>>> print(open('protein15.cif').read())   # mmCIF, C-alpha atoms
data_input
loop_
_atom_site.label_atom_id
_atom_site.label_comp_id
_atom_site.auth_asym_id
_atom_site.auth_seq_id
_atom_site.Cartn_x
_atom_site.Cartn_y
_atom_site.Cartn_z
CA MET K 1 6.81 -41.96 56.55
CA SER K 2 4.61 -42.95 59.49
CA ALA K 3 0.86 -43.28 59.06
CA SER K 4 0.10 -40.32 61.29
CA LYS K 5 2.62 -38.15 59.46
CA SER K 6 1.27 -39.04 56.03
CA TRP K 7 -2.23 -38.00 57.13
CA HIS K 8 -0.91 -34.52 57.76
CA GLY K 9 1.59 -34.39 54.91
CA PRO K 10 1.37 -31.94 51.98
CA THR K 11 -0.44 -34.38 49.65
CA ALA K 12 -3.13 -35.17 52.22
CA VAL K 13 -3.54 -31.45 53.00
CA LEU K 14 -3.94 -30.64 49.32
CA ILE K 15 -6.48 -33.41 48.65
CA SER K 16 -8.50 -32.46 51.74
CA ALA K 17 -8.40 -28.75 50.96
CA SER K 18 -9.59 -29.36 47.37
CA ALA K 19 -12.43 -31.62 48.52
CA ILE K 20 -13.54 -29.26 51.32
CA LEU K 21 -13.60 -26.29 48.91
CA ALA K 22 -15.48 -28.34 46.30
CA ILE K 23 -18.19 -29.23 48.84
CA SER K 24 -18.39 -25.91 50.65
CA LEU K 25 -18.42 -23.63 47.59
CA GLY K 26 -20.33 -26.14 45.46
CA VAL K 27 -23.24 -26.40 47.92
CA ARG K 28 -23.39 -22.64 48.23
CA HIS K 29 -23.36 -22.29 44.45
CA SER K 30 -26.64 -24.22 44.22
CA PHE K 31 -28.70 -22.03 46.56
CA GLY K 32 -30.32 -20.11 43.68
CA LEU K 33 -32.13 -23.31 42.66
CA PHE K 34 -34.06 -23.23 45.93
CA LEU K 35 -35.38 -19.69 45.48
CA GLN K 36 -38.64 -20.66 43.80
CA PRO K 37 -39.60 -23.82 45.74
CA VAL K 38 -38.73 -22.37 49.16
CA SER K 39 -40.62 -19.12 48.47
CA MET K 40 -43.64 -21.04 47.20
CA ALA K 41 -43.68 -23.49 50.12
CA GLY K 42 -43.37 -20.68 52.67
CA GLY K 43 -45.95 -18.55 50.88
CA TRP K 44 -43.43 -15.68 50.94
CA GLY K 45 -42.39 -13.15 48.37
CA ARG K 46 -38.97 -13.69 46.83
CA GLU K 47 -37.52 -10.89 48.92
CA VAL K 48 -37.30 -13.19 51.98
CA PHE K 49 -34.98 -15.62 50.20
CA ALA K 50 -33.10 -12.78 48.50
CA PHE K 51 -32.60 -10.99 51.82
CA ALA K 52 -31.37 -14.19 53.50
CA ILE K 53 -28.75 -14.71 50.75
CA ALA K 54 -27.68 -11.04 50.86
CA LEU K 55 -27.28 -11.34 54.64
CA GLN K 56 -25.35 -14.60 54.16
CA ASN K 57 -22.84 -12.83 51.91
CA LEU K 58 -22.46 -10.03 54.41
CA VAL K 59 -22.05 -12.35 57.43
CA TRP K 60 -19.58 -14.47 55.43
CA GLY K 61 -17.47 -11.46 54.40
CA VAL K 62 -17.41 -9.76 57.80
CA SER K 63 -16.73 -12.92 59.81
CA GLN K 64 -14.05 -14.24 57.42
CA PRO K 65 -11.06 -12.32 58.90
CA PHE K 66 -12.06 -13.45 62.42
CA ALA K 67 -12.53 -17.07 61.34
CA GLY K 68 -9.13 -16.81 59.65
CA MET K 69 -7.54 -15.39 62.81
CA VAL K 70 -8.89 -18.34 64.84
CA ALA K 71 -7.62 -20.81 62.20
CA ASP K 72 -4.17 -19.20 62.27
CA ARG K 73 -4.03 -19.89 66.01
CA ILE K 74 -5.73 -23.28 66.50
CA GLY K 75 -5.21 -24.78 63.03
CA ALA K 76 -7.58 -24.70 60.07
CA GLY K 77 -8.87 -28.24 60.74
CA LYS K 78 -10.63 -27.38 64.01
CA ALA K 79 -12.03 -24.20 62.48
CA VAL K 80 -13.37 -26.24 59.54
CA ILE K 81 -15.11 -28.62 61.97
CA VAL K 82 -16.84 -25.73 63.78
CA GLY K 83 -17.73 -24.20 60.39
CA THR K 84 -19.13 -27.53 59.17
CA VAL K 85 -21.41 -27.87 62.21
CA LEU K 86 -22.81 -24.37 61.58
CA TYR K 87 -23.11 -24.98 57.83
CA ALA K 88 -24.93 -28.32 58.26
CA LEU K 89 -27.26 -26.88 60.92
CA GLY K 90 -28.02 -23.89 58.70
CA LEU K 91 -28.97 -26.21 55.82
CA LEU K 92 -31.24 -28.26 58.12
CA VAL K 93 -32.96 -25.05 59.26
CA MET K 94 -33.39 -24.09 55.59
CA ALA K 95 -34.91 -27.53 54.94
CA HIS K 96 -37.52 -27.15 57.70
CA PRO K 97 -38.03 -23.41 58.14
CA GLN K 98 -40.36 -22.39 60.96
CA GLY K 99 -41.29 -19.00 59.58
CA GLN K 100 -39.39 -16.26 57.79
CA THR K 101 -37.21 -15.16 60.69
CA VAL K 102 -35.96 -18.68 61.38
CA PHE K 103 -35.24 -19.20 57.66
CA ILE K 104 -33.28 -15.94 57.50
CA LEU K 105 -31.30 -16.90 60.62
CA GLY K 106 -30.53 -20.34 59.16
CA ALA K 107 -29.67 -19.36 55.59
CA GLY K 108 -28.24 -15.95 56.42
CA VAL K 109 -26.42 -16.26 59.74
CA LEU K 110 -25.67 -19.98 60.27
CA VAL K 111 -24.71 -20.74 56.65
CA GLY K 112 -22.83 -17.40 56.41
CA LEU K 113 -20.72 -18.30 59.48
CA GLY K 114 -20.38 -21.87 58.17
CA LEU K 115 -18.98 -20.57 54.89
CA ALA K 116 -16.45 -18.39 56.73
CA GLY K 117 -15.27 -21.55 58.53
CA THR K 118 -14.97 -23.75 55.48
CA THR K 119 -14.06 -21.71 52.41
CA TYR K 120 -10.94 -20.53 50.67
CA PRO K 121 -9.32 -17.79 52.73
CA LEU K 122 -9.19 -20.18 55.68
CA VAL K 123 -8.45 -23.41 53.83
CA LEU K 124 -5.83 -21.85 51.53
CA GLY K 125 -4.05 -20.55 54.65
CA ALA K 126 -3.53 -24.16 55.72
CA VAL K 127 -2.34 -25.08 52.20
CA THR K 128 0.27 -22.29 52.17
CA ARG K 129 1.57 -23.45 55.55
CA ALA K 130 1.83 -27.09 54.50
CA ILE K 131 3.47 -26.70 51.10
CA ALA K 132 7.03 -25.61 50.37
CA PRO K 133 7.26 -22.03 48.96
CA GLU K 134 8.39 -23.14 45.48
CA LYS K 135 5.33 -25.36 45.04
CA ARG K 136 2.90 -23.15 46.93
CA SER K 137 1.36 -21.32 44.00
CA LEU K 138 0.70 -24.54 42.09
CA ALA K 139 -0.89 -26.03 45.24
CA LEU K 140 -3.20 -23.01 45.56
CA GLY K 141 -4.14 -23.46 41.90
CA VAL K 142 -4.94 -27.16 42.43
CA ALA K 143 -7.03 -26.44 45.55
CA MET K 144 -9.00 -23.72 43.76
CA GLY K 145 -9.37 -26.03 40.76
CA GLY K 146 -11.14 -28.38 43.18
CA ALA K 147 -13.43 -25.54 44.21
CA ALA K 148 -14.20 -24.73 40.58
CA PHE K 149 -14.92 -28.41 39.88
CA GLY K 150 -17.33 -28.55 42.84
CA GLN K 151 -19.18 -25.46 41.69
CA PHE K 152 -19.50 -26.81 38.16
CA ILE K 153 -20.89 -30.23 39.07
CA MET K 154 -22.99 -29.24 42.10
CA LEU K 155 -25.49 -27.08 40.24
CA PRO K 156 -26.98 -29.82 38.02
CA GLY K 157 -26.43 -32.28 40.89
CA ALA K 158 -28.56 -30.23 43.27
CA LEU K 159 -31.22 -29.87 40.56
CA LYS K 160 -31.40 -33.67 40.26
CA GLY K 161 -31.64 -33.81 44.05
CA ILE K 162 -34.64 -31.47 44.00
CA GLU K 163 -36.29 -33.64 41.31
CA TRP K 164 -35.77 -36.83 43.31
CA LEU K 165 -36.14 -35.71 46.91
CA ASP K 166 -38.12 -32.49 46.71
CA TRP K 167 -36.47 -29.23 47.79
CA SER K 168 -36.56 -30.00 51.51
CA GLY K 169 -35.06 -33.47 51.09
CA ALA K 170 -32.42 -32.06 48.75
CA LEU K 171 -31.36 -29.55 51.42
CA VAL K 172 -31.10 -32.38 53.98
CA ALA K 173 -28.94 -34.31 51.49
CA LEU K 174 -26.72 -31.25 50.99
CA SER K 175 -26.47 -30.96 54.78
CA ALA K 176 -25.31 -34.60 54.93
CA LEU K 177 -22.80 -33.84 52.17
CA THR K 178 -21.33 -30.95 54.16
CA VAL K 179 -20.81 -33.30 57.15
CA LEU K 180 -18.22 -35.10 54.97
CA MET K 181 -16.02 -32.04 55.52
CA MET K 182 -15.43 -33.17 59.13
CA PRO K 183 -13.28 -36.23 58.35
CA LEU K 184 -11.74 -34.27 55.48
CA ALA K 185 -10.63 -31.64 58.00
CA VAL K 186 -8.34 -34.11 59.83
CA PRO K 187 -5.26 -33.45 57.62
CA LEU K 188 -5.75 -29.71 58.24
CA PHE K 189 -5.26 -29.94 61.99
CA GLU K 190 -1.84 -28.36 61.47
CA ARG K 191 -0.26 -29.80 64.59
CA GLY K 192 3.10 -28.13 65.02
CA ARG K 193 2.50 -25.68 62.20
CA VAL K 194 0.48 -23.09 64.11
CA ALA K 195 0.86 -24.03 67.78
CA ALA K 196 3.95 -22.22 68.92
CA HIS K 197 4.58 -18.53 68.42
CA ALA K 198 8.13 -18.37 67.15
CA PRO K 199 10.23 -15.32 68.02
CA GLY K 200 10.20 -12.75 65.25
CA GLU K 201 6.76 -13.78 64.02
CA MET K 202 4.02 -11.18 63.92
CA THR K 203 1.01 -11.44 66.21
CA ALA K 204 -2.46 -11.14 64.66
CA GLY K 205 -2.73 -7.48 65.74
CA GLN K 206 0.71 -6.61 64.37
CA ALA K 207 -0.03 -8.42 61.12
CA ILE K 208 -3.33 -6.66 60.53
CA ARG K 209 -1.83 -3.23 61.30
CA ALA K 210 1.16 -3.91 59.06
CA ALA K 211 -1.10 -5.18 56.27
CA LEU K 212 -3.48 -2.23 56.36
CA ARG K 213 -0.50 0.16 56.20
CA HIS K 214 1.26 -1.81 53.47
CA ARG K 215 0.83 -0.25 50.02
CA GLY K 216 0.99 -3.57 48.21
CA PHE K 217 -1.70 -5.06 50.44
CA GLN K 218 -3.97 -2.05 49.94
CA LEU K 219 -3.58 -2.28 46.16
CA LEU K 220 -4.18 -6.03 46.21
CA ALA K 221 -7.36 -5.64 48.27
CA LEU K 222 -8.61 -2.90 45.93
CA SER K 223 -8.04 -5.03 42.85
CA PHE K 224 -9.77 -7.99 44.54
CA PHE K 225 -12.71 -5.63 45.14
CA VAL K 226 -12.82 -5.18 41.34
CA CYS K 227 -12.80 -8.94 40.84
CA GLY K 228 -15.79 -9.32 43.17
CA PHE K 229 -17.64 -6.54 41.34
CA GLN K 230 -17.10 -8.12 37.92
CA VAL K 231 -17.89 -11.75 38.67
CA VAL K 232 -21.12 -11.03 40.52
CA PHE K 233 -22.24 -8.44 37.99
CA ILE K 234 -21.65 -10.93 35.17
CA ALA K 235 -23.18 -13.97 36.91
CA THR K 236 -26.22 -11.97 37.98
CA HIS K 237 -26.95 -9.77 35.00
CA VAL K 238 -25.60 -11.53 31.89
CA PRO K 239 -28.69 -13.80 31.56
CA ALA K 240 -30.92 -10.70 31.52
CA PHE K 241 -28.50 -8.89 29.17
CA LEU K 242 -28.69 -11.79 26.72
CA ALA K 243 -32.48 -11.90 26.98
CA ASP K 244 -32.56 -8.17 26.12
CA LYS K 245 -30.58 -9.00 22.99
CA GLY K 246 -33.20 -11.56 22.02
CA LEU K 247 -31.19 -14.68 22.89
CA SER K 248 -32.88 -17.65 24.56
CA PRO K 249 -32.45 -18.62 28.23
CA GLY K 250 -30.72 -21.81 27.07
CA ILE K 251 -27.84 -19.73 25.71
CA ALA K 252 -27.47 -17.89 29.03
CA SER K 253 -27.35 -21.21 30.82
CA MET K 254 -24.62 -22.49 28.49
CA VAL K 255 -22.62 -19.27 28.95
CA LEU K 256 -22.63 -19.84 32.72
CA ALA K 257 -21.73 -23.50 32.10
CA PHE K 258 -18.78 -22.43 29.92
CA ILE K 259 -17.62 -20.06 32.66
CA GLY K 260 -17.83 -22.88 35.21
CA LEU K 261 -16.02 -25.41 33.02
CA LEU K 262 -13.15 -23.19 31.85
CA ASN K 263 -12.80 -21.91 35.41
CA ILE K 264 -11.28 -25.30 36.33
CA PRO K 265 -8.20 -25.12 34.04
CA GLY K 266 -8.09 -21.33 34.57
CA THR K 267 -7.44 -21.59 38.32
CA TYR K 268 -5.00 -24.48 37.84
CA PHE K 269 -2.87 -22.67 35.27
CA ALA K 270 -2.97 -19.43 37.26
CA GLY K 271 -1.48 -21.35 40.18
CA LEU K 272 1.07 -23.12 37.97
CA TRP K 273 2.29 -19.91 36.33
CA GLY K 274 2.14 -18.02 39.64
CA GLY K 275 5.00 -20.24 40.77
CA ARG K 276 7.09 -19.31 37.71
CA TYR K 277 6.38 -15.64 37.08
CA ARG K 278 5.64 -12.55 39.18
CA LYS K 279 2.13 -13.02 40.54
CA PRO K 280 1.16 -9.30 40.59
CA LEU K 281 2.28 -9.03 36.95
CA LEU K 282 0.08 -12.02 36.06
CA LEU K 283 -2.80 -10.32 37.89
CA SER K 284 -2.21 -7.18 35.80
CA TRP K 285 -2.39 -9.24 32.60
CA LEU K 286 -5.47 -11.03 33.90
CA TYR K 287 -7.38 -7.81 34.59
CA LEU K 288 -6.24 -6.44 31.22
CA ALA K 289 -7.56 -9.58 29.53
CA ARG K 290 -10.89 -9.02 31.28
CA VAL K 291 -10.96 -5.47 29.85
CA VAL K 292 -10.65 -6.83 26.31
CA ILE K 293 -13.09 -9.72 26.83
CA ILE K 294 -15.79 -7.63 28.52
CA ALA K 295 -15.47 -4.70 26.09
CA ALA K 296 -15.66 -6.99 23.05
CA PHE K 297 -18.73 -8.78 24.41
CA ALA K 298 -20.62 -5.74 25.66
CA PHE K 299 -20.08 -3.36 22.77
CA LEU K 300 -19.74 -5.56 19.66
CA PRO K 301 -22.85 -7.18 18.14
CA VAL K 302 -24.02 -10.03 20.39
CA SER K 303 -24.76 -13.48 18.98
CA ALA K 304 -24.94 -16.97 20.44
CA ALA K 305 -21.39 -17.62 19.24
CA SER K 306 -20.02 -14.41 20.78
CA ALA K 307 -21.81 -15.23 24.05
CA TYR K 308 -20.22 -18.71 24.19
CA MET K 309 -16.81 -17.23 23.42
CA PHE K 310 -17.33 -14.69 26.18
CA GLY K 311 -18.27 -17.44 28.65
CA ALA K 312 -15.24 -19.57 27.73
CA ALA K 313 -12.81 -16.62 27.88
CA MET K 314 -14.21 -15.21 31.14
CA GLY K 315 -14.11 -18.71 32.67
CA LEU K 316 -10.36 -18.88 32.14
CA PHE K 317 -9.99 -15.62 34.11
CA TRP K 318 -12.73 -16.25 36.70
CA LEU K 319 -11.48 -17.65 40.07
CA SER K 320 -7.92 -17.59 38.73
CA THR K 321 -7.42 -14.34 40.65
CA VAL K 322 -7.67 -16.29 43.92
CA PRO K 323 -4.43 -18.36 43.90
CA LEU K 324 -2.50 -15.34 42.59
CA THR K 325 -3.94 -12.89 45.14
CA ASN K 326 -3.58 -15.23 48.12
CA GLY K 327 -0.15 -16.32 46.91
CA THR K 328 1.02 -12.71 46.82
CA VAL K 329 -0.27 -12.12 50.36
CA ALA K 330 1.69 -15.18 51.52
CA ALA K 331 4.83 -13.99 49.73
CA ILE K 332 4.72 -10.58 51.44
CA PHE K 333 3.45 -11.44 54.92
CA GLY K 334 4.50 -15.06 55.35
CA VAL K 335 2.21 -17.92 56.25
CA ARG K 336 1.69 -17.34 59.97
CA ASN K 337 -1.37 -15.05 59.61
CA MET K 338 -2.35 -16.18 56.13
CA SER K 339 -5.96 -17.23 56.83
CA MET K 340 -6.74 -13.92 58.54
CA LEU K 341 -5.08 -11.71 55.90
CA GLY K 342 -6.71 -13.78 53.14
CA GLY K 343 -9.97 -13.07 54.97
CA VAL K 344 -9.35 -9.32 54.87
CA VAL K 345 -8.79 -9.23 51.09
CA PHE K 346 -11.83 -11.50 50.75
CA LEU K 347 -13.89 -8.93 52.66
CA ALA K 348 -12.90 -6.38 50.00
CA HIS K 349 -13.97 -8.94 47.36
CA GLN K 350 -17.38 -9.35 49.00
CA LEU K 351 -17.95 -5.58 49.18
CA GLY K 352 -17.22 -5.41 45.44
CA ALA K 353 -19.52 -8.39 44.89
CA PHE K 354 -22.37 -6.70 46.73
CA LEU K 355 -21.88 -3.52 44.71
CA GLY K 356 -21.63 -5.43 41.40
CA GLY K 357 -24.94 -7.23 41.92
CA TRP K 358 -26.76 -4.19 43.27
CA LEU K 359 -25.32 -1.40 41.10
CA GLY K 360 -25.90 -3.43 37.94
CA GLY K 361 -29.63 -3.44 38.71
CA VAL K 362 -29.77 0.21 39.79
CA LEU K 363 -27.96 1.46 36.67
CA TYR K 364 -30.16 -0.68 34.43
CA ASP K 365 -33.29 0.82 35.98
CA ARG K 366 -31.93 4.37 35.58
CA LEU K 367 -30.41 4.09 32.10
CA GLY K 368 -32.60 1.41 30.55
CA SER K 369 -29.54 -0.58 29.46
CA TYR K 370 -26.46 -2.26 30.87
CA ASP K 371 -24.06 0.02 28.96
CA GLY K 372 -23.21 2.12 32.04
CA ALA K 373 -22.58 -0.93 34.23
CA TRP K 374 -20.41 -2.56 31.52
CA ALA K 375 -18.41 0.68 31.22
CA ILE K 376 -17.81 0.68 34.99
CA ALA K 377 -16.75 -2.99 34.91
CA ILE K 378 -14.27 -2.19 32.12
CA GLY K 379 -12.95 0.98 33.78
CA LEU K 380 -12.48 -0.82 37.11
CA SER K 381 -10.63 -3.64 35.35
CA MET K 382 -8.20 -1.15 33.77
CA ILE K 383 -7.60 0.40 37.18
CA ALA K 384 -7.06 -3.06 38.74
CA ALA K 385 -4.52 -3.88 35.99
CA LEU K 386 -2.58 -0.71 36.87
CA LEU K 387 -2.93 -1.24 40.65
CA ASN K 388 -1.14 -4.59 40.46
CA LEU K 389 1.86 -3.27 38.51
CA PRO K 390 3.76 -1.68 41.43
CA ILE K 391 3.11 -4.55 43.89
CA LYS K 392 6.31 -6.34 44.89
CA GLU K 393 6.36 -9.88 46.25
CA GLN K 394 9.02 -8.88 48.74
CA ALA K 395 8.78 -10.48 52.18
CA LEU K 396 8.09 -7.96 54.90
CA GLU K 397 10.60 -7.89 57.76
CA PRO K 398 8.70 -8.58 61.02
CA ALA K 399 10.70 -5.97 62.97
CA LYS K 400 9.83 -3.31 60.43
CA ALA K 401 6.19 -4.39 60.35
CA ALA K 402 5.80 -4.30 64.12
CA ALA K 403 7.26 -0.80 64.39
CA MET N 1 -0.83 -48.56 41.94
CA ARG N 2 -0.29 -44.82 42.05
CA ARG N 3 -0.89 -44.54 38.31
CA LEU N 4 -4.06 -46.58 38.64
CA LEU N 5 -5.31 -44.27 41.36
CA HIS N 6 -4.54 -41.20 39.25
CA ALA N 7 -6.35 -42.73 36.27
CA ALA N 8 -9.37 -43.60 38.45
CA ILE N 9 -9.57 -40.07 39.88
CA LEU N 10 -9.23 -38.56 36.40
CA ALA N 11 -11.92 -40.88 35.00
CA LEU N 12 -14.30 -40.05 37.87
CA GLY N 13 -13.65 -36.34 37.45
CA LEU N 14 -14.20 -36.43 33.69
CA GLY N 15 -17.35 -38.51 34.17
CA ALA N 16 -18.70 -35.95 36.63
CA VAL N 17 -17.89 -33.10 34.24
CA VAL N 18 -19.65 -34.83 31.32
CA ALA N 19 -22.70 -35.66 33.48
CA ALA N 20 -22.82 -32.08 34.76
CA TRP N 21 -22.45 -30.69 31.24
CA ASN N 22 -25.53 -32.68 30.19
CA GLY N 23 -27.32 -31.35 33.25
CA TYR N 24 -26.68 -27.78 32.16
CA GLN N 25 -28.57 -28.49 28.97
CA GLY N 26 -31.58 -29.90 30.83
CA PRO N 27 -34.20 -28.10 32.88
CA LEU N 28 -31.55 -25.90 34.44
CA LEU N 29 -32.05 -23.40 31.64
CA GLY N 30 -35.08 -21.53 32.91
CA ILE N 31 -34.11 -21.75 36.54
CA LEU N 32 -30.71 -20.15 35.97
CA LEU N 33 -32.47 -17.03 34.82
CA GLU N 34 -34.26 -16.89 38.14
CA MET N 35 -31.17 -17.10 40.25
CA ASN N 36 -29.38 -13.96 41.14
CA PHE N 37 -27.11 -15.61 43.60
CA CYS N 38 -24.80 -17.70 41.53
CA GLN N 39 -21.24 -16.49 41.34
#
>>> encode(input="protein15.cif", output="structure tokens")
Amino acid sequence: MSASKSWHGPTAVLISASAILAISLGVRHSFGLFLQPVSMAGGWGREVFAFAIALQNLVWGVSQPFAGMVADRIGAGKAVIVGTVLYALGLLVMAHPQGQTVFILGAGVLVGLGLAGTTYPLVLGAVTRAIAPEKRSLALGVAMGGAAFGQFIMLPGALKGIEWLDWSGALVALSALTVLMMPLAVPLFERGRVAAHAPGEMTAGQAIRAALRHRGFQLLALSFFVCGFQVVFIATHVPAFLADKGLSPGIASMVLAFIGLLNIPGTYFAGLWGGRYRKPLLLSWLYLARVVIIAAFAFLPVSAASAYMFGAAMGLFWLSTVPLTNGTVAAIFGVRNMSMLGGVVFLAHQLGAFLGGWLGGVLYDRLGSYDGAWAIAIGLSMIAALLNLPIKEQALEPAKAAA
Amino acid sequence: MRRLLHAAILALGLGAVVAAWNGYQGPLLGILLEMNFCQ
């Protein structure tokens, strides 16, 4: 194997993809730690920071299909480099905000676009193109395991950074960390994998039309919406739920730590088994498992032990939807437009995420408890389990899709 | 050589996980309650 070839071979692609996802999603995972210091330094209410992060999620979700479309055409590596520049600039703006508007533009728009250029729909597209079909699901699991690892270690890491460097210095350090994604993007240049448009392959327009008409794709996007709803509802509201039950903040922190830790093997094994069994069937089981776990936690007596068990069990079924969902999209539509189509299902995920965070709060204010929101999370999970049952991993014929 | 590399990566990863786990039990506790953005 020549040196240049090995730099773009499957192993290099997988290592790079894992590291890029660990950095990109890990840095983003730590933003909550900056809420207090940034708001205090700016003399703003917390709504400025909260609005910037809400806008970031929206910009990320909406721009993801377009970023994916670009990556499918020019290769994920170049798209990651553009995304990294925006991400790093956004973090520098956050570190030295010149007023509220500039902060919102930096954290909301620049970082939001940066995330679209560097996170999983786009990066996993490159992984699916580089890895042989029989090993693809495992590779997606390994890459997402990297992401889960990054999220788990970055939170306490960023906190140490704030202690040592102050919040502004810590953001500059995170910006420098994101720059590492540039050299890591080299194996994802995808020379020869995306350049030529082979006869019989769908164009971006054909692929998106075929996907939106395809029943399996619709069902997959709907169930990914449910995933987004559940994870953001849980991450956002479980600490408050536990406090209502009289448990200390330390327990809430450990529950989130358990989720983060068990998320690492969860994504890996989802990918591994996705290569052996029907992925939509595994997704059905996964959403069914969430029904049982959430119902047991929400409606049985809550204790520290039950909270830890909930965290550990939910962690196993946390980001593990991602390799299975993206793997199914690849199996149906092929790898040519993978980053874009992954971006479309991710958009559905983000809409669910927005609703999960927001509706949880609204229902709590109306009902005085989380019971209603838990019931919705459980009901949606049952629906998602059923939605995945009829999905077939049958490759779509391009001629039929283009018609 | 390959095995050594694997062992080194595994050791580094486990070390990071253990260090992070300790971090979760530190001052992160109160702050996590404040953050509504972690997912």
>>> residues_near_point(input="protein15.cif", point="(-15.6, -12.1, 35.2)", cutoff="9 Å", atoms="only C-alpha atoms", output="list in words")
Cys227, Gly228, Phe229, Gln230, Val231, Val232, Phe233, Ile234, Ala235, Ile259, Arg290, Ile294, Gly311, Met314, Gly315, Phe317, Trp318 and Leu319 of chain K
>>> resolve_selection(input="protein15.cif", expression="the PyMOL selection byres ((chain K and resi 343) around 6)", output="PyMOL selection string")
chain K and resi 64-65+121+340-342+344-346
>>> residues_around(input="protein15.cif", residues="stretch 367-375 of chain K", least_positions_apart="2", cutoff="8 Å", atoms="only C-alpha atoms", output="number ranges by chain")
K: 241, 294-295, 298, 359-360, 363-365, 377-379
>>> residues_around(input="protein15.cif", residues="K:Ser18", least_positions_apart="6", cutoff="12 Å", atoms="all atoms listed in the file", output="MDAnalysis selection string")
chainID K and resid 11:12 24:26 118:120 123:124 126:127 139:151 181 184:185 187:188 264 268
>>> closest_atom_pairs(input="protein15.cif", of="chain K", to="chain N", cutoff="6 Å", atoms="only C-alpha atoms", output="CSV")
residue,atom,partner,partner_atom,distance
K:His29,CA,N:Cys38,CA,5.6
K:Gly32,CA,N:Met35,CA,4.6
K:Ile153,CA,N:Ala20,CA,5.1
K:Pro156,CA,N:Gly23,CA,5.0
K:Val232,CA,N:Gln39,CA,5.5
K:Ala235,CA,N:Gln39,CA,5.5
K:Thr236,CA,N:Asn36,CA,4.9
K:Pro239,CA,N:Leu33,CA,5.9
K:Pro249,CA,N:Leu29,CA,5.9
K:Gly250,CA,N:Leu29,CA,5.0
K:Ser253,CA,N:Leu29,CA,5.2
>>> residues_around(input="protein15.cif", residues="K:Thr178", least_positions_apart="2", cutoff="8 Å", atoms="all atoms listed in the file", output="list in words")
Ile23, Ser24, Val27, Thr84, Tyr87, Ala88, Leu174, Ser175, Ala176, Leu180 and Met181 of chain K
>>> atom_distance(input="protein15.cif", atom1="atom CA of K:Ala240", atom2="atom CA of K:Met94")
27.7 Å
>>> atom_distance(input="protein15.cif", atom1="atom CA of K:Gly68", atom2="atom CA of K:Leu155")
27.4 Å
>>> closest_residue(input="protein15.cif", among="K:Pro323, K:Gly114, K:Gly356, K:Gly77", to="K:Ala270", atoms="all atoms listed in the file")
K:Pro323
>>> atom_distance(input="protein15.cif", atom1="atom CA of K:Glu134", atom2="atom CA of K:Val70")
26.4 Å
>>> closest_residue(input="protein15.cif", among="K:Val302, K:Ile332, K:Leu355, K:Leu86", to="K:Gly216", atoms="all atoms listed in the file")
K:Ile332
>>> residues_around(input="protein15.cif", residues="K:Ala221", least_positions_apart="3", cutoff="7 Å", atoms="only C-alpha atoms", output="number ranges by chain")
K: 217-218, 224-225, 345, 348
>>> write_last_selection(input="protein15.cif", atoms="C-alpha atoms", output="PDB file, in the frame of the given file")
ATOM      1  CA  PHE K 217      -1.700  -5.060  50.440  1.00  0.00           C
ATOM      2  CA  GLN K 218      -3.970  -2.050  49.940  1.00  0.00           C
ATOM      3  CA  PHE K 224      -9.770  -7.990  44.540  1.00  0.00           C
ATOM      4  CA  PHE K 225     -12.710  -5.630  45.140  1.00  0.00           C
ATOM      5  CA  VAL K 345      -8.790  -9.230  51.090  1.00  0.00           C
ATOM      6  CA  ALA K 348     -12.900  -6.380  50.000  1.00  0.00           C
TER       7      ALA K 348
END
>>> closest_residue(input="protein15.cif", among="K:Ile74, K:Leu222, K:Ala252, K:Ala204", to="K:Leu347", atoms="all atoms listed in the file")
K:Leu222
>>> closest_residue(input="protein15.cif", among="K:Val238, K:Leu283, K:Met338, K:Met309", to="K:Leu324", atoms="only C-alpha atoms")
K:Leu283
